[in-house]
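**Student:** To be precise about what I am sending: the file is called protein-v3.cif and holds mmCIF, C-alpha atoms.
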```cif
data_upload
loop_
_atom_site.label_atom_id
_atom_site.label_comp_id
_atom_site.auth_asym_id
_atom_site.auth_seq_id
_atom_site.Cartn_x
_atom_site.Cartn_y
_atom_site.Cartn_z
CA MET A 1151 12.10 28.62 11.27
CA ASP A 1152 13.96 25.82 13.07
CA PHE A 1153 13.05 25.84 16.76
CA GLU A 1154 15.51 23.11 17.71
CA ASP A 1155 18.49 24.29 19.74
CA SER A 1156 21.63 25.00 17.79
CA THR A 1157 24.90 23.56 19.11
CA ASP A 1158 25.63 26.77 21.03
CA GLU A 1159 22.05 27.01 22.33
CA ALA A 1160 22.08 23.41 23.51
CA ALA A 1161 25.32 24.07 25.38
CA TYR A 1162 23.80 27.18 26.95
CA ARG A 1163 20.73 25.21 27.98
CA ARG A 1164 22.93 22.62 29.70
CA ASP A 1165 24.75 25.40 31.56
CA VAL A 1166 21.42 26.87 32.67
CA GLN A 1167 20.11 23.49 33.82
CA ALA A 1168 23.27 22.89 35.83
CA TRP A 1169 23.12 26.35 37.40
CA LEU A 1170 19.45 25.96 38.34
CA ALA A 1171 20.04 22.51 39.81
CA GLU A 1172 22.72 23.98 42.04
CA ASN A 1173 21.04 27.26 42.95
CA VAL A 1174 17.25 26.75 43.21
CA PRO A 1175 16.30 26.70 46.91
CA ALA A 1176 14.76 23.48 48.22
CA HIS A 1177 11.66 25.34 49.41
CA HIS A 1178 10.79 28.61 47.72
CA ALA A 1179 8.03 30.62 49.42
CA GLU A 1180 4.91 31.61 47.50
CA THR A 1181 4.89 35.17 46.24
CA HIS A 1182 2.96 37.41 48.58
CA VAL A 1183 3.91 40.12 51.06
CA ASP A 1184 5.29 37.63 53.62
CA GLY A 1185 7.19 35.76 50.91
CA LEU A 1186 8.95 38.74 49.37
CA ALA A 1187 12.20 37.95 51.16
CA ALA A 1188 12.43 34.61 49.36
CA ALA A 1189 11.59 36.22 46.01
CA LYS A 1190 14.20 38.93 46.54
CA ALA A 1191 16.80 36.36 47.50
CA TRP A 1192 16.13 34.40 44.31
CA GLN A 1193 16.32 37.55 42.18
CA ALA A 1194 19.63 38.49 43.79
CA ARG A 1195 20.98 35.01 43.16
CA LYS A 1196 19.99 35.23 39.50
CA ALA A 1197 21.69 38.62 39.24
CA ARG A 1198 24.94 37.25 40.67
CA GLY A 1199 24.79 34.43 38.14
CA GLY A 1200 24.15 36.79 35.22
CA TYR A 1201 20.61 35.48 34.68
CA ALA A 1202 18.46 38.32 36.08
CA GLN A 1203 18.12 40.34 32.85
CA ILE A 1204 19.98 38.28 30.28
CA THR A 1205 19.57 40.65 27.31
CA TRP A 1206 20.52 43.80 29.21
CA PRO A 1207 24.11 45.13 28.94
CA ARG A 1208 26.52 43.99 31.64
CA GLU A 1209 27.13 47.59 32.70
CA TRP A 1210 23.44 47.73 33.69
CA GLY A 1211 23.63 44.51 35.71
CA GLY A 1212 22.42 42.31 32.87
CA GLY A 1213 23.93 39.24 31.33
CA GLY A 1214 24.93 40.77 28.00
CA GLY A 1215 23.27 37.82 26.29
CA THR A 1216 20.86 37.24 23.45
CA ALA A 1217 17.07 37.08 23.22
CA ILE A 1218 17.13 33.34 22.58
CA GLN A 1219 19.25 32.82 25.69
CA SER A 1220 16.61 34.70 27.66
CA VAL A 1221 13.94 32.41 26.22
CA ILE A 1222 15.96 29.30 27.10
CA PHE A 1223 16.49 30.43 30.68
CA GLY A 1224 12.79 31.24 31.03
CA GLN A 1225 11.85 27.80 29.78
CA GLU A 1226 14.16 26.07 32.22
CA GLU A 1227 13.34 28.33 35.18
CA ALA A 1228 9.62 27.57 34.69
CA LYS A 1229 10.33 23.94 35.56
CA HIS A 1230 11.27 24.90 39.12
CA ASP A 1231 9.27 26.16 42.08
CA VAL A 1232 10.61 29.72 41.99
CA ASP A 1233 8.82 32.99 41.40
CA SER A 1234 10.05 36.32 40.05
CA ARG A 1235 6.62 37.92 39.62
CA PRO A 1236 7.19 40.80 42.09
CA PHE A 1237 9.80 42.13 39.67
CA ALA A 1238 7.93 41.59 36.39
CA ILE A 1239 6.37 45.06 36.25
CA GLY A 1240 9.53 46.87 37.29
CA LEU A 1241 11.98 45.04 35.07
CA GLY A 1242 9.54 44.50 32.22
CA MET A 1243 7.91 47.94 32.06
CA CYS A 1244 9.02 50.59 34.55
CA VAL A 1245 12.81 50.36 34.58
CA PRO A 1246 13.04 50.09 30.76
CA THR A 1247 11.07 53.35 30.66
CA VAL A 1248 13.51 54.95 33.10
CA MET A 1249 16.42 53.63 31.03
CA LYS A 1250 15.04 55.13 27.83
CA PHE A 1251 13.65 58.45 29.07
CA GLY A 1252 15.43 59.13 32.37
CA ASP A 1253 18.68 61.02 32.85
CA ASP A 1254 22.04 59.45 33.67
CA ALA A 1255 21.50 59.99 37.39
CA ALA A 1256 18.21 58.07 37.36
CA ARG A 1257 19.62 55.23 35.30
CA GLY A 1258 22.66 54.95 37.53
CA ARG A 1259 20.54 55.03 40.68
CA PHE A 1260 17.75 52.58 39.81
CA VAL A 1261 18.74 49.99 37.22
CA GLY A 1262 21.21 48.02 39.32
CA PRO A 1263 19.07 47.74 42.49
CA ALA A 1264 16.05 46.70 40.41
CA VAL A 1265 17.99 43.97 38.62
CA ARG A 1266 19.32 42.66 41.95
CA GLY A 1267 15.82 42.57 43.44
CA GLU A 1268 16.61 45.18 46.07
CA GLU A 1269 13.82 47.52 44.93
CA ILE A 1270 10.39 46.88 43.42
CA TRP A 1271 8.45 49.13 41.04
CA SER A 1272 4.80 49.72 40.19
CA GLN A 1273 3.07 51.31 37.21
CA LEU A 1274 0.53 54.04 38.08
CA PHE A 1275 -1.66 54.59 35.01
CA SER A 1276 -5.28 53.44 35.51
CA GLU A 1277 -7.87 55.71 37.11
CA PRO A 1278 -11.46 55.15 38.34
CA ALA A 1279 -13.08 57.40 35.70
CA GLY A 1280 -10.78 56.50 32.82
CA GLY A 1281 -11.63 52.88 32.15
CA SER A 1282 -9.58 51.67 29.19
CA ASP A 1283 -8.97 55.23 28.03
CA VAL A 1284 -5.52 55.92 29.45
CA ALA A 1285 -5.54 59.42 27.97
CA ALA A 1286 -8.57 60.35 30.12
CA ILE A 1287 -6.30 60.82 33.13
CA ARG A 1288 -7.50 63.36 35.69
CA THR A 1289 -4.71 63.15 38.27
CA ARG A 1290 -3.15 66.58 37.96
CA ALA A 1291 0.36 67.90 38.37
CA VAL A 1292 0.82 71.67 38.73
CA ARG A 1293 4.25 73.28 38.38
CA ASP A 1294 5.53 75.02 41.53
CA GLY A 1295 9.08 76.26 41.02
CA ASP A 1296 11.37 73.26 40.58
CA ASP A 1297 8.63 70.89 41.79
CA TRP A 1298 5.30 69.55 40.59
CA VAL A 1299 2.40 69.21 43.03
CA VAL A 1300 0.27 66.12 42.33
CA ASN A 1301 -3.33 65.46 43.40
CA GLY A 1302 -5.59 62.62 42.30
CA GLN A 1303 -6.15 58.87 42.42
CA LYS A 1304 -4.96 55.72 40.67
CA VAL A 1305 -6.55 52.28 40.86
CA TRP A 1306 -5.71 48.63 40.02
CA THR A 1307 -2.05 49.33 40.75
CA SER A 1308 -0.46 45.89 41.00
CA GLY A 1309 1.96 45.39 43.87
CA ALA A 1310 1.93 49.00 45.05
CA HIS A 1311 1.65 47.89 48.69
CA TYR A 1312 5.10 46.27 48.56
CA SER A 1313 6.71 48.53 45.95
CA ASP A 1314 9.39 51.11 46.60
CA PHE A 1315 9.04 53.26 43.48
CA GLY A 1316 6.64 53.81 40.60
CA ILE A 1317 6.24 55.53 37.26
CA LEU A 1318 3.33 57.97 37.30
CA LEU A 1319 1.37 59.39 34.36
CA VAL A 1320 -0.41 62.66 35.17
CA ARG A 1321 -2.16 65.54 33.43
CA THR A 1322 -0.11 68.71 33.17
CA ASN A 1323 -2.11 70.60 30.53
CA SER A 1324 -5.91 70.72 30.13
CA ASP A 1325 -5.92 73.27 27.32
CA VAL A 1326 -4.89 70.76 24.65
CA PRO A 1327 -6.44 67.48 23.43
CA LYS A 1328 -6.26 64.75 26.03
CA HIS A 1329 -3.35 62.83 24.47
CA LYS A 1330 -1.15 65.94 24.33
CA GLY A 1331 -1.33 67.14 27.93
CA LEU A 1332 0.22 64.25 29.86
CA THR A 1333 3.63 63.98 31.55
CA MET A 1334 5.45 60.99 33.07
CA PHE A 1335 7.43 60.99 36.32
CA TRP A 1336 9.12 58.49 38.57
CA LEU A 1337 8.46 58.81 42.28
CA ASP A 1338 9.21 57.30 45.66
CA LEU A 1339 6.02 55.61 46.88
CA LYS A 1340 6.99 56.50 50.46
CA SER A 1341 6.71 60.21 49.62
CA PRO A 1342 4.54 62.36 51.92
CA GLY A 1343 0.96 62.52 50.63
CA VAL A 1344 0.96 59.07 48.99
CA GLU A 1345 -1.63 56.69 50.45
CA ILE A 1346 -1.89 53.06 49.29
CA ARG A 1347 -5.03 51.00 49.98
CA PRO A 1348 -5.04 47.30 48.97
CA ILE A 1349 -8.18 46.03 47.20
CA HIS A 1350 -9.59 42.72 48.44
CA GLN A 1351 -10.06 40.33 45.50
CA MET A 1352 -12.41 37.38 45.09
CA SER A 1353 -9.38 35.07 45.10
CA GLY A 1354 -8.72 36.11 48.68
CA GLY A 1355 -5.62 38.05 47.75
CA SER A 1356 -4.99 41.78 47.65
CA ASN A 1357 -2.47 42.33 44.89
CA PHE A 1358 -4.25 45.37 43.40
CA ASN A 1359 -4.36 48.75 45.10
CA GLU A 1360 -5.91 52.19 45.11
CA VAL A 1361 -3.27 54.92 45.36
CA TYR A 1362 -4.18 58.45 46.46
CA PHE A 1363 -2.05 61.57 45.97
CA THR A 1364 -2.59 64.59 48.19
CA ASP A 1365 -0.28 67.55 47.49
CA VAL A 1366 2.58 65.18 46.64
CA ARG A 1367 5.67 67.14 45.60
CA ILE A 1368 7.77 65.65 42.79
CA PRO A 1369 10.96 67.41 41.65
CA ASP A 1370 11.13 68.23 37.95
CA SER A 1371 14.37 66.20 37.86
CA GLN A 1372 12.17 63.10 38.22
CA ARG A 1373 10.40 63.78 34.94
CA LEU A 1374 10.65 61.10 32.22
CA GLY A 1375 10.54 62.69 28.79
CA ALA A 1376 9.35 66.15 27.86
CA VAL A 1377 6.54 68.07 29.55
CA ASP A 1378 3.18 67.21 27.94
CA ASP A 1379 4.77 64.33 25.98
CA GLY A 1380 3.81 61.64 28.49
CA TRP A 1381 1.53 59.87 26.01
CA ASN A 1382 4.48 58.83 23.86
CA VAL A 1383 6.44 57.78 26.95
CA GLY A 1384 3.41 55.81 28.14
CA LEU A 1385 3.09 54.05 24.78
CA PHE A 1386 6.58 52.67 25.22
CA THR A 1387 5.58 51.32 28.64
CA LEU A 1388 2.29 49.88 27.39
CA MET A 1389 3.94 48.03 24.52
CA ASN A 1390 6.21 46.33 27.05
CA GLU A 1391 3.19 45.59 29.28
CA ARG A 1392 1.27 43.89 26.49
CA LEU A 1393 4.36 41.89 25.59
CA ALA A 1394 4.71 40.74 29.21
CA ILE A 1395 1.03 39.77 29.57
CA GLY A 1396 1.12 38.04 26.20
CA GLY A 1397 3.81 35.77 27.57
CA GLY A 1398 1.20 33.76 29.45
CA SER A 1399 0.64 32.79 33.07
CA GLY A 1400 2.71 29.63 33.50
CA VAL A 1401 -0.44 27.44 33.43
CA GLY A 1402 -1.30 26.41 29.91
CA PRO A 1403 -2.17 23.58 27.53
CA ALA A 1404 0.63 21.34 28.85
CA GLU A 1405 -0.78 21.49 32.38
CA LEU A 1406 -4.31 20.88 31.10
CA LEU A 1407 -3.08 17.82 29.22
CA GLU A 1408 -1.53 16.49 32.41
CA LEU A 1409 -4.81 17.05 34.24
CA ALA A 1410 -6.82 15.35 31.45
CA ARG A 1411 -4.69 12.23 31.75
CA ALA A 1412 -5.67 11.91 35.40
CA LEU A 1413 -9.38 12.87 35.33
CA PRO A 1414 -11.90 10.00 34.91
CA ALA A 1415 -14.47 10.20 32.14
CA ALA A 1416 -17.28 8.00 30.79
CA GLU A 1417 -14.69 5.73 29.23
CA GLY A 1418 -11.18 5.87 30.62
CA THR A 1419 -9.84 9.37 31.21
CA LEU A 1420 -10.81 12.80 29.88
CA LEU A 1421 -8.00 12.50 27.35
CA GLY A 1422 -10.00 9.78 25.62
CA ASP A 1423 -12.98 12.07 25.05
CA ALA A 1424 -13.12 13.09 21.37
CA ALA A 1425 -14.83 16.41 22.03
CA PHE A 1426 -12.18 17.37 24.57
CA ARG A 1427 -9.38 16.38 22.21
CA GLN A 1428 -10.82 18.61 19.51
CA ARG A 1429 -10.99 21.59 21.85
CA TYR A 1430 -7.53 20.82 23.15
CA ALA A 1431 -6.13 20.79 19.60
CA ASP A 1432 -7.40 24.35 19.11
CA TRP A 1433 -5.73 25.49 22.34
CA TYR A 1434 -2.48 23.77 21.43
CA VAL A 1435 -2.38 25.38 17.99
CA ALA A 1436 -3.11 28.80 19.51
CA ALA A 1437 -0.34 28.26 22.08
CA GLN A 1438 2.14 27.46 19.31
CA GLY A 1439 1.06 30.58 17.47
CA LEU A 1440 1.65 32.61 20.62
CA LYS A 1441 5.08 31.05 21.01
CA ASN A 1442 6.07 31.91 17.44
CA THR A 1443 4.69 35.44 17.73
CA ARG A 1444 6.60 35.99 20.94
CA MET A 1445 9.77 34.65 19.35
CA ARG A 1446 9.31 37.15 16.53
CA THR A 1447 9.00 39.95 19.06
CA MET A 1448 12.04 38.69 20.98
CA THR A 1449 14.00 38.79 17.71
CA ALA A 1450 12.98 42.43 17.24
CA LEU A 1451 14.02 43.22 20.81
CA SER A 1452 17.39 41.55 20.27
CA LYS A 1453 17.96 44.02 17.41
CA GLY A 1454 17.23 46.97 19.68
CA GLN A 1455 13.78 47.61 18.28
CA THR A 1456 10.85 48.81 20.44
CA PRO A 1457 7.89 46.39 20.79
CA GLY A 1458 5.20 47.54 18.41
CA PRO A 1459 1.41 47.26 18.21
CA GLU A 1460 1.74 43.60 17.20
CA SER A 1461 2.35 42.88 20.90
CA ALA A 1462 -1.40 43.34 21.32
CA ILE A 1463 -1.97 40.13 19.35
CA GLY A 1464 -0.16 37.97 21.88
CA LYS A 1465 -1.84 39.69 24.81
CA ILE A 1466 -5.40 39.31 23.56
CA VAL A 1467 -4.96 35.67 22.53
CA ALA A 1468 -3.12 34.67 25.70
CA ALA A 1469 -5.60 36.33 28.05
CA ASN A 1470 -8.59 34.70 26.40
CA GLN A 1471 -6.92 31.31 26.28
CA MET A 1472 -6.15 31.52 30.00
CA GLN A 1473 -9.82 32.03 30.74
CA GLU A 1474 -10.91 29.19 28.44
CA LEU A 1475 -8.37 26.75 29.91
CA GLY A 1476 -9.37 27.58 33.47
CA ASN A 1477 -13.07 27.15 32.75
CA ALA A 1478 -12.49 23.86 30.91
CA ALA A 1479 -10.41 22.44 33.75
CA ILE A 1480 -12.93 23.39 36.44
CA GLU A 1481 -15.80 21.98 34.37
CA ALA A 1482 -13.88 18.73 33.86
CA GLU A 1483 -13.27 18.38 37.60
CA ASP A 1484 -17.05 18.45 38.10
CA GLN A 1485 -18.13 19.03 41.72
CA PHE A 1486 -14.52 18.88 42.87
CA GLY A 1487 -13.78 21.99 40.83
CA ILE A 1488 -15.09 24.18 43.63
CA ILE A 1489 -12.24 23.10 45.92
CA ASP A 1490 -9.55 25.76 45.78
CA ASP A 1491 -7.39 24.57 48.66
CA PRO A 1492 -3.94 23.92 47.13
CA ALA A 1493 -3.47 21.02 49.54
CA LEU A 1494 -6.60 19.25 48.24
CA ALA A 1495 -7.29 20.39 44.66
CA PRO A 1496 -5.56 18.82 41.62
CA MET A 1497 -2.32 20.53 40.59
CA ARG A 1498 -2.36 22.63 43.77
CA ALA A 1499 -5.49 24.48 42.59
CA ALA A 1500 -3.61 26.06 39.68
CA PHE A 1501 -6.71 26.13 37.47
CA GLN A 1502 -8.97 27.36 40.28
CA SER A 1503 -6.58 30.27 40.67
CA LEU A 1504 -6.58 30.79 36.92
CA VAL A 1505 -10.39 31.03 36.79
CA MET A 1506 -10.33 33.88 39.31
CA SER A 1507 -7.39 35.75 37.82
CA ALA A 1508 -7.88 35.27 34.07
CA PRO A 1509 -10.69 37.85 33.65
CA GLY A 1510 -8.35 40.50 35.01
CA TYR A 1511 -5.80 39.75 32.30
CA ARG A 1512 -8.44 40.62 29.71
CA ILE A 1513 -8.51 44.12 31.23
CA ALA A 1514 -4.89 44.68 32.28
CA GLY A 1515 -2.85 46.33 29.56
CA GLY A 1516 -5.98 47.20 27.57
CA THR A 1517 -9.34 45.49 27.24
CA ASP A 1518 -10.11 43.09 24.41
CA GLU A 1519 -12.08 45.81 22.61
CA ILE A 1520 -9.27 48.37 22.82
CA LEU A 1521 -6.69 45.86 21.62
CA LYS A 1522 -8.86 44.78 18.69
CA ASN A 1523 -9.01 48.41 17.61
CA ILE A 1524 -5.22 48.69 17.91
CA ILE A 1525 -4.71 45.56 15.82
CA ALA A 1526 -7.22 46.70 13.22
CA GLU A 1527 -5.86 50.22 12.87
CA ARG A 1528 -2.14 49.92 13.54
CA VAL A 1529 -1.36 46.39 12.38
CA LEU A 1530 -3.88 45.78 9.59
CA GLY A 1531 -4.09 49.43 8.49
CA LEU A 1532 -7.88 49.63 8.62
CA PRO A 1533 -9.62 53.03 8.97
CA GLY A 1534 -9.63 54.42 12.49
CA GLU A 1535 -12.74 54.85 14.60
CA VAL A 1536 -14.52 58.18 14.40
CA ARG A 1537 -13.46 60.27 17.41
CA THR A 1538 -15.41 63.36 18.35
CA ASP A 1539 -12.91 64.32 21.05
CA LYS A 1540 -9.79 64.26 18.89
CA ASP A 1541 -9.31 68.00 18.54
CA LYS A 1542 -11.06 69.21 21.70
CA ALA A 1543 -9.20 70.54 24.71
CA PHE A 1544 -9.35 68.17 27.66
CA ARG A 1545 -11.03 70.79 29.86
CA ASP A 1546 -13.93 70.93 27.36
CA LEU A 1547 -14.64 67.20 27.69
CA ALA A 1548 -17.20 66.05 30.23
CA VAL A 1549 -14.76 63.55 31.69
CA GLY A 1550 -12.29 66.28 32.50
CA ARG A 1551 -14.56 68.30 34.77
#
```
Translate this file's structure into structure tokens.
**Tutor:**
Amino acid sequence: MDFEDSTDEAAYRRDVQAWLAENVPAHHAETHVDGLAAAKAWQARKARGGYAQITWPREWGGGGGTAIQSVIFGQEEAKHDVDSRPFAIGLGMCVPTVMKFGDDAARGRFVGPAVRGEEIWSQLFSEPAGGSDVAAIRTRAVRDGDDWVVNGQKVWTSGAHYSDFGILLVRTNSDVPKHKGLTMFWLDLKSPGVEIRPIHQMSGGSNFNEVYFTDVRIPDSQRLGAVDDGWNVGLFTLMNERLAIGGGSGVGPAELLELARALPAAEGTLLGDAAFRQRYADWYVAAQGLKNTRMRTMTALSKGQTPGPESAIGKIVAANQMQELGNAAIEAEDQFGIIDDPALAPMRAAFQSLVMSAPGYRIAGGTDEILKNIIAERVLGLPGEVRTDKDKAFRDLAVGR
């Protein structure tokens, strides 16, 4: 495959560069609760320019463009001090789920505001007792007329404390095997009975949350997909999640190379160390493999295909590489590696931040072990693991009591 820009792609890249040069704010606030206004303003500006969701149809607020145009814009946007992370979960996972499984009213209500950055979404899947087993969900929804009454708890919900809406996976049937008794809904996170508690992280931030549901009423009209078919709806969301995580963190081999050129070593700089160069070559090759794999997935998306289990490959490689790069950078900085003040640390403490966040990426979207099973069984076609709970009703499992 030729990865050089075609004539049309080069012209598009020049247009993007010109638009970014004219529209990127001089000082873009960091992404946290107090900086959401700046992030929303940038998202709205991208939407007006047709760059918010380039591959989405224009009638849904997108750019009506191609997958390669989306890649080009992402490459050029990454060169600027802007941040669209508050919208990654909503536009990458939640809203596509609403678009595919919601009714016309839901699509008409939510897609446009999400693209314009007016509303933010969260994904409510993980639970304290479930671990990596998404199907072990205990949060229950009981039918009451035209409503469902929800009670239970979610955890590790990214961005819930500043989100407006969420997609929620709950158990609606305990008399069938665990994968067959789930249902998906969308809900307003300001609904009565919803309590959000931020979790303090070792990085000093609080991006993850516990979310409690106490007699929360959700109209049946907010259901996504059929009753008890939430597992299949959730799979669609999870494939998009693994694709998003597999895209990387923005700090990679290129940034490590820049750091190596500046760090002193026994002779010259770290870049002159043969052992480091050998390790760096491995990371560079892996990064190129990730790029090519992602391009393959983008091609499938451009043809209207749903991301498949191969998305797990990019996620597992990217998450592990993030952790390795962060550890290598901190080790190379020696005693100065403990300084995490962006005003003092090299590269504004990007690698210090990576060290503290990378382990979480090996859990988010499925742990390494779960993803290796998915790759083995669904990509390579190897025999599946022996499961003693496959045909048992959820209520008969210890975890469901």
**Student:** Counting all atoms listed in the file, figure out which residue out of A:Pro1492, A:Gly1476, A:Pro1369, A:Gly1267 gets nearest to Val1401 of chain A.
**Tutor:**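 Going through A:Pro1492, A:Gly1476, A:Pro1369, A:Gly1267 one by one, the smallest distance to Val1401 of chain A is for A:Gly1476.
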**Student:** Applying 8 Å and only C-alpha atoms, which residues near segment 1501-1511 of chain A remain after dropping the ones on its own chain fewer than 4 positions away? List them as a ChimeraX atom specification.
**Tutor:** /A:1352-1353,1395,1401,1469-1470,1472-1473,1475-1477,1479-1480,1487-1490,1497,1515
**Student:** For Glu1269 of chain A, find every residue with an atom within 8 Å (counting only C-alpha atoms), except residues of its own chain fewer than 3 positions away, and show them as a VMD selection string.
**Tutor:** chain A and resid 1263 to 1264 1266 1313 to 1315
**Student:** What's the 10 Å shell around Arg1373 of chain A, counting only C-alpha atoms, without same-chain residues fewer than 6 positions away, as a PyMOL selection string?
**Tutor:** chain A and resi 1248+1251-1253+1256+1298+1317-1318+1333-1337+1380
**Student:** Please, which residues in segment 1192-1232 of chain A fall within 9 Å of segment 1151-1168 of chain A when counting only C-alpha atoms, and what is the closest atom pair and distance in Å to one decimal for each, ordered by chain then residue number, as a Markdown table?
**Tutor:**
```
| residue | atom | partner | partner_atom | distance |
| --- | --- | --- | --- | --- |
| A:Tyr1201 | CA | A:Val1166 | CA | 8.9 |
| A:Ile1218 | CA | A:Glu1159 | CA | 8.0 |
| A:Gln1219 | CA | A:Glu1159 | CA | 7.3 |
| A:Ile1222 | CA | A:Arg1163 | CA | 6.3 |
| A:Phe1223 | CA | A:Val1166 | CA | 6.4 |
| A:Glu1226 | CA | A:Gln1167 | CA | 6.7 |
| A:Glu1227 | CA | A:Gln1167 | CA | 8.4 |
```
**Student:** Kindly extract all protein, DNA and RNA residues lying within 12 Å of the coordinates (-4.1, 46.5, 31.9) given in the file, considering all atoms listed in the file, and supply them as a ChimeraX atom specification.
**Tutor:** /A:1239,1273-1277,1281-1284,1305-1308,1358,1387-1396,1462,1465-1466,1469,1509-1518,1520-1521
**Student:** Pick from A:Pro1278, A:Val1232, A:Glu1483, A:Ser1324: nearest to Ala1412 of chain A, with all atoms listed in the file counted?
**Tutor:** A:Glu1483
**Student:** Of the candidates A:Ala1482, A:Ala1291, A:Ala1255, A:Val1300, which shows the shortest atom-to-atom distance to Leu1413 of chain A, using all atoms listed in the file?
**Tutor:** A:Ala1482
**Student:** What's the separation between atom CA of Pro1414 of chain A and atom CA of Leu1494 of chain A, in Å to one decimal place?
**Tutor:**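 Computing it gives 17.1 Å between the two atoms.
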**Student:** Interatomic distance between atom CA of Ala1468 of chain A and atom CA of Ala1431 of chain A?
**Tutor:**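 Distance reported for this atom pair: 15.5 Å.
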**Student:** So, counting all atoms listed in the file, which residue among A:Ala1285, A:Val1326, A:Ala1189, A:Val1377 is closest to Asp1541 of chain A?
**Tutor:**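 Closest candidate: A:Val1326.
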**Student:** For atom CA of Asp1379 of chain A and atom CA of Arg1288 of chain A, determine how far apart the two atoms are, in Å to one decimal place.
**Tutor:**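 Going from atom CA of Asp1379 of chain A over to atom CA of Arg1288 of chain A covers 15.7 Å.
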**Student:** Draw an axis-aligned box tight on the listed atoms of segment 1160-1167 of chain A, then pad every side by 8 Å and write out centre and edge lengths in Å to one decimal as JSON.
**Tutor:**
```
{"center_x": 22.7, "center_y": 24.9, "center_z": 28.7, "size_x": 21.2, "size_y": 20.6, "size_z": 26.3}
```
**Student:** Quick one: residues within 9 Å of Pro1327 of chain A, all atoms listed in the file, excluding same-chain residues fewer than 3 positions away - as a short mmCIF file (atom, residue, chain, number, x, y, z; two decimals) with C-alpha atoms, keeping the file's coordinate frame?
**Tutor:**
```cif
data_model
loop_
_atom_site.label_atom_id
_atom_site.label_comp_id
_atom_site.auth_asym_id
_atom_site.auth_seq_id
_atom_site.Cartn_x
_atom_site.Cartn_y
_atom_site.Cartn_z
CA ASN A 1323 -2.11 70.60 30.53
CA SER A 1324 -5.91 70.72 30.13
CA LYS A 1330 -1.15 65.94 24.33
CA GLY A 1331 -1.33 67.14 27.93
CA ASP A 1539 -12.91 64.32 21.05
CA LYS A 1540 -9.79 64.26 18.89
CA ASP A 1541 -9.31 68.00 18.54
CA LYS A 1542 -11.06 69.21 21.70
CA ALA A 1543 -9.20 70.54 24.71
CA PHE A 1544 -9.35 68.17 27.66
CA ARG A 1545 -11.03 70.79 29.86
#
```
**Student:** Could you tell me which residues the PyMOL selection byres ((chain A and resi 1320) around 6) returns for this structure, as a count of residues only?
**Tutor:** 6
**Student:** Find the residue from A:Met1249, A:Val1265, A:Gln1303, A:Leu1170 that sits nearest to Gln1225 of chain A; use only C-alpha atoms when measuring.
**Tutor:** A:Leu1170
